[in-house]
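A quick write-up on the structure given underneath.
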Amino acid sequence: MQVSVSSEISSVCPNFVGACVEAQVVNTPYSDRLWQAIHEVEARLRQELTTESVKSLPSIAATRAVYKLCGKDPSRYRPASEQLIRRMLQGKELYQIDTLVDLVNLASIAYGYSIGGFDADKFVGPELVLGVGKEGEPYEGIGRGPLNISGLPVYRDAQGGVGTPTSDHERTKMTLGTTHLVVLINGYDGNEERVRANAEYIQKLLIDYAQSDGGTITLYK
């Protein structure tokens with residue numbers, strides 16, 4: 001999958017760096033070993049963070065800053081990584097969906113980046129472009145219904161929006177039948193080394209829990 005960044009994004013975040021992990025996988029309804037790993041990260045973050053300090057994590061703070069520059073209120077439309085970590089810090093369990101969704105959520109809370117996971121066979125066309133949502137642009141967030149993505153960074157395929165840092169689209173979501181996975185890491189903080197480390201961590205999770213060889217990593221700016 002080819003991923004490119006539009007001038008709309010580069011003008012407000014010239015240091016943006018993203019990573020695309022593309023792999024063949026086998027999904028399962030639940031992995032006990034994966035959830036043990038999730039609980040270990042939860043325990044560590046509960047010692048290190050509060051619901052206020054989480055906003056200051058560089059990966060989250062940079063995403064919030066881009067939201068503001070694009071015209072979106074980051075406290076009303078929180079980045080997904082912030083949503084997940086805040087939920088955990090409030091003493092709530094992360095949602096258990098299936099192994100692929102759960103491991104993407106683990107990778108997100110472990111590094112603080114908003115990460116989109118997609119069934120790549122549902123994309124239309126060979127390219128994704130990262131731009132900014134338009135007023136009135138149709139978008140159905142997973143489990144959220146119609147979502148106003150005006151002012152949100154959004155990945156689009158040839159048919160329309162598929163992913164934002166707040167919520168991915170129902171059309172291209174992962175399911176138990178997903179075998180061709182694309183994961184996109186959004187590094188609005190420009191930390192290429194950490195973005196790559198997050199991508200390599202995802203590869204390890206895919207090897208450990210999704211019967212994968214880890215696939216490939218492609219950075220894009």
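Order determines the names: the first chain of the structure tokens is A, the second B, and so forth; residues in each chain are numbered 1 upward, and ligands are numbered 1 upward as they are shown.
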Backbone-only DSSP, helix (DSSP H, G or I) members of segment 64-145 of chain A, as a PyMOL selection string: chain A and resi 64-70+80-89+99-111+120-122
Suppose we keep N, CA, C and O atoms; can you now write the selection as a short mmCIF file (atom, residue, chain, number, x, y, z; two decimals), in the first residue's frame?
data_model
loop_
_atom_site.label_atom_id
_atom_site.label_comp_id
_atom_site.auth_asym_id
_atom_site.auth_seq_id
_atom_site.Cartn_x
_atom_site.Cartn_y
_atom_site.Cartn_z
N ARG A 64 -2.80 16.68 19.39
CA ARG A 64 -3.76 17.69 19.82
C ARG A 64 -3.45 19.05 19.18
O ARG A 64 -4.37 19.78 18.78
N ALA A 65 -2.18 19.38 19.08
CA ALA A 65 -1.79 20.67 18.49
C ALA A 65 -2.19 20.73 17.01
O ALA A 65 -2.67 21.76 16.54
N VAL A 66 -2.03 19.62 16.29
CA VAL A 66 -2.42 19.59 14.88
C VAL A 66 -3.93 19.70 14.74
O VAL A 66 -4.44 20.37 13.83
N TYR A 67 -4.68 19.07 15.64
CA TYR A 67 -6.14 19.23 15.63
C TYR A 67 -6.50 20.71 15.69
O TYR A 67 -7.33 21.19 14.92
N LYS A 68 -5.88 21.42 16.62
CA LYS A 68 -6.20 22.84 16.78
C LYS A 68 -5.85 23.63 15.52
O LYS A 68 -6.61 24.49 15.07
N LEU A 69 -4.69 23.32 14.93
CA LEU A 69 -4.27 24.02 13.72
C LEU A 69 -5.19 23.73 12.54
O LEU A 69 -5.37 24.57 11.66
N CYS A 70 -5.80 22.55 12.54
CA CYS A 70 -6.73 22.17 11.47
C CYS A 70 -8.16 22.63 11.77
O CYS A 70 -9.05 22.46 10.92
N ALA A 80 -7.39 8.90 19.48
CA ALA A 80 -7.73 7.57 19.99
C ALA A 80 -6.77 7.11 21.07
O ALA A 80 -7.18 6.47 22.06
N SER A 81 -5.48 7.42 20.93
CA SER A 81 -4.52 7.00 21.95
C SER A 81 -4.85 7.63 23.30
O SER A 81 -4.79 6.98 24.35
N GLU A 82 -5.24 8.90 23.28
CA GLU A 82 -5.64 9.58 24.51
C GLU A 82 -6.92 8.97 25.08
O GLU A 82 -7.03 8.77 26.30
N GLN A 83 -7.88 8.67 24.21
CA GLN A 83 -9.11 8.02 24.67
C GLN A 83 -8.81 6.72 25.40
O GLN A 83 -9.34 6.46 26.49
N LEU A 84 -7.95 5.90 24.80
CA LEU A 84 -7.64 4.59 25.37
C LEU A 84 -6.92 4.72 26.71
O LEU A 84 -7.26 4.04 27.69
N ILE A 85 -5.91 5.60 26.76
CA ILE A 85 -5.14 5.73 28.00
C ILE A 85 -5.99 6.36 29.09
O ILE A 85 -5.94 5.93 30.26
N ARG A 86 -6.80 7.35 28.78
CA ARG A 86 -7.67 7.95 29.77
C ARG A 86 -8.65 6.91 30.34
O ARG A 86 -8.89 6.88 31.56
N ARG A 87 -9.19 6.09 29.48
CA ARG A 87 -10.11 5.05 29.94
C ARG A 87 -9.42 4.13 30.94
O ARG A 87 -9.96 3.80 31.99
N MET A 88 -8.21 3.74 30.61
CA MET A 88 -7.44 2.86 31.47
C MET A 88 -7.12 3.53 32.80
O MET A 88 -7.23 2.93 33.87
N LEU A 89 -6.74 4.82 32.75
CA LEU A 89 -6.39 5.54 33.98
C LEU A 89 -7.62 5.78 34.87
O LEU A 89 -7.48 5.98 36.07
N THR A 99 -8.41 -10.20 18.45
CA THR A 99 -6.96 -10.13 18.66
C THR A 99 -6.31 -9.00 17.89
O THR A 99 -5.45 -8.28 18.43
N LEU A 100 -6.67 -8.78 16.63
CA LEU A 100 -6.05 -7.71 15.86
C LEU A 100 -6.36 -6.34 16.44
O LEU A 100 -5.47 -5.50 16.59
N VAL A 101 -7.63 -6.09 16.76
CA VAL A 101 -7.99 -4.79 17.36
C VAL A 101 -7.29 -4.63 18.70
O VAL A 101 -6.75 -3.55 19.00
N ASP A 102 -7.27 -5.68 19.50
CA ASP A 102 -6.68 -5.59 20.84
C ASP A 102 -5.18 -5.31 20.76
O ASP A 102 -4.65 -4.51 21.54
N LEU A 103 -4.48 -5.92 19.80
CA LEU A 103 -3.03 -5.69 19.74
C LEU A 103 -2.70 -4.31 19.18
O LEU A 103 -1.69 -3.69 19.57
N VAL A 104 -3.54 -3.79 18.28
CA VAL A 104 -3.34 -2.41 17.81
C VAL A 104 -3.56 -1.44 18.96
O VAL A 104 -2.82 -0.46 19.13
N ASN A 105 -4.58 -1.70 19.79
CA ASN A 105 -4.81 -0.85 20.96
C ASN A 105 -3.63 -0.91 21.93
O ASN A 105 -3.24 0.11 22.51
N LEU A 106 -3.06 -2.10 22.11
CA LEU A 106 -1.89 -2.23 22.98
C LEU A 106 -0.73 -1.40 22.43
O LEU A 106 -0.05 -0.67 23.19
N ALA A 107 -0.48 -1.49 21.14
CA ALA A 107 0.60 -0.72 20.53
C ALA A 107 0.38 0.78 20.70
O ALA A 107 1.33 1.54 20.88
N SER A 108 -0.88 1.20 20.68
CA SER A 108 -1.22 2.62 20.82
C SER A 108 -0.97 3.11 22.24
O SER A 108 -0.36 4.16 22.44
N ILE A 109 -1.41 2.36 23.24
CA ILE A 109 -1.21 2.83 24.62
C ILE A 109 0.26 2.72 25.02
O ILE A 109 0.75 3.51 25.84
N ALA A 110 0.99 1.77 24.45
CA ALA A 110 2.39 1.59 24.82
C ALA A 110 3.26 2.75 24.35
O ALA A 110 4.24 3.10 25.02
N TYR A 111 2.90 3.37 23.21
CA TYR A 111 3.71 4.45 22.65
C TYR A 111 2.99 5.80 22.61
O TYR A 111 3.64 6.82 22.42
N ALA A 120 -6.93 -4.38 4.60
CA ALA A 120 -6.43 -3.77 3.36
C ALA A 120 -7.19 -4.23 2.13
O ALA A 120 -7.20 -3.53 1.11
N ASP A 121 -7.83 -5.39 2.19
CA ASP A 121 -8.59 -5.87 1.03
C ASP A 121 -9.86 -5.05 0.81
O ASP A 121 -10.52 -5.19 -0.23
N LYS A 122 -10.21 -4.20 1.77
CA LYS A 122 -11.40 -3.35 1.64
C LYS A 122 -11.09 -1.96 1.10
O LYS A 122 -12.00 -1.17 0.84
#
DSSP-assigned strand (DSSP E or B) among segment 26-178 of chain A, expressed as a ChimeraX atom specification: /A:115-119,127-132,140-141,145-146,153-156,161-163,168-169
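Distances to Glu22 of chain A were evaluated for A:Glu200, A:Glu48, A:Asp168, A:Glu140 using only C-alpha atoms, and the minimum falls at A:Glu200.
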A:Asn198, A:Gln211, A:Ser75, A:Asn148 ranked by distance to Gly133 of chain A, top pick (using only C-alpha atoms): A:Asn148
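Interatomic distance, atom CA of Ser4 of chain A against atom CA of Thr178 of chain A: 23.7 Å.
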Of the listed residues A:Gly215, A:Gly163, A:Pro14, A:Gly112, that which approaches Leu147 of chain A most closely, counting only C-alpha atoms: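 Of all the options, A:Gly163 lies closest to Leu147 of chain A.
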Using only C-alpha atoms: which of A:Arg76, A:Gly177, A:Asp119, A:Asp98 has the shortest distance to Ser31 of chain A: A:Asp98
Counting only C-alpha atoms, the option among A:Thr164, A:Thr50, A:Ser10, A:Gln24 closest to Ile115 of chain A: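 With only C-alpha atoms as the atom set, the closest residue is A:Thr164.
Between atom CA of Lys72 of chain A and atom CA of Tyr95 of chain A lies a distance of 25.6 Å.
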Who sits within 7 Å of segment 32-35 of chain A, only C-alpha atoms, same chain under 3 positions skipped, as a VMD selection string: chain A and resid 38 to 39 209
Residues from last step as file, all heavy atoms, as an mmCIF file, in the first residue's frame:
data_model
loop_
_atom_site.group_PDB
_atom_site.id
_atom_site.type_symbol
_atom_site.label_atom_id
_atom_site.label_comp_id
_atom_site.auth_asym_id
_atom_site.auth_seq_id
_atom_site.Cartn_x
_atom_site.Cartn_y
_atom_site.Cartn_z
ATOM 1 N N ILE A 38 -1.275 -6.784 27.810
ATOM 2 C CA ILE A 38 -2.008 -5.524 27.933
ATOM 3 C C ILE A 38 -2.079 -5.091 29.394
ATOM 4 O O ILE A 38 -1.835 -3.918 29.733
ATOM 5 C CB ILE A 38 -3.420 -5.661 27.330
ATOM 6 C CG1 ILE A 38 -3.336 -5.783 25.805
ATOM 7 C CG2 ILE A 38 -4.300 -4.462 27.721
ATOM 8 C CD1 ILE A 38 -4.649 -6.116 25.127
ATOM 9 N N HIS A 39 -2.381 -6.016 30.292
ATOM 10 C CA HIS A 39 -2.501 -5.672 31.712
ATOM 11 C C HIS A 39 -1.158 -5.215 32.293
ATOM 12 O O HIS A 39 -1.124 -4.351 33.177
ATOM 13 C CB HIS A 39 -3.051 -6.859 32.495
ATOM 14 C CG HIS A 39 -4.495 -7.163 32.190
ATOM 15 N ND1 HIS A 39 -5.454 -6.177 32.077
ATOM 16 C CD2 HIS A 39 -5.138 -8.340 31.981
ATOM 17 C CE1 HIS A 39 -6.629 -6.733 31.799
ATOM 18 N NE2 HIS A 39 -6.456 -8.039 31.740
ATOM 19 N N TYR A 209 1.108 -13.087 18.135
ATOM 20 C CA TYR A 209 -0.316 -13.314 18.399
ATOM 21 C C TYR A 209 -1.186 -13.464 17.144
ATOM 22 O O TYR A 209 -2.369 -13.787 17.277
ATOM 23 C CB TYR A 209 -0.881 -12.169 19.250
ATOM 24 C CG TYR A 209 -0.119 -11.945 20.529
ATOM 25 C CD1 TYR A 209 0.646 -10.800 20.716
ATOM 26 C CD2 TYR A 209 -0.148 -12.885 21.557
ATOM 27 C CE1 TYR A 209 1.355 -10.597 21.894
ATOM 28 C CE2 TYR A 209 0.560 -12.691 22.728
ATOM 29 C CZ TYR A 209 1.317 -11.544 22.892
ATOM 30 O OH TYR A 209 2.024 -11.353 24.062
#
Nearest to Val129 of chain A by atom-to-atom distance, counting only C-alpha atoms, from A:Gly18, A:Gly145, A:Gly214, A:Gly117: A:Gly18
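In this structure, atom CA of Leu130 of chain A sits 8.5 Å away from atom CA of Glu8 of chain A.
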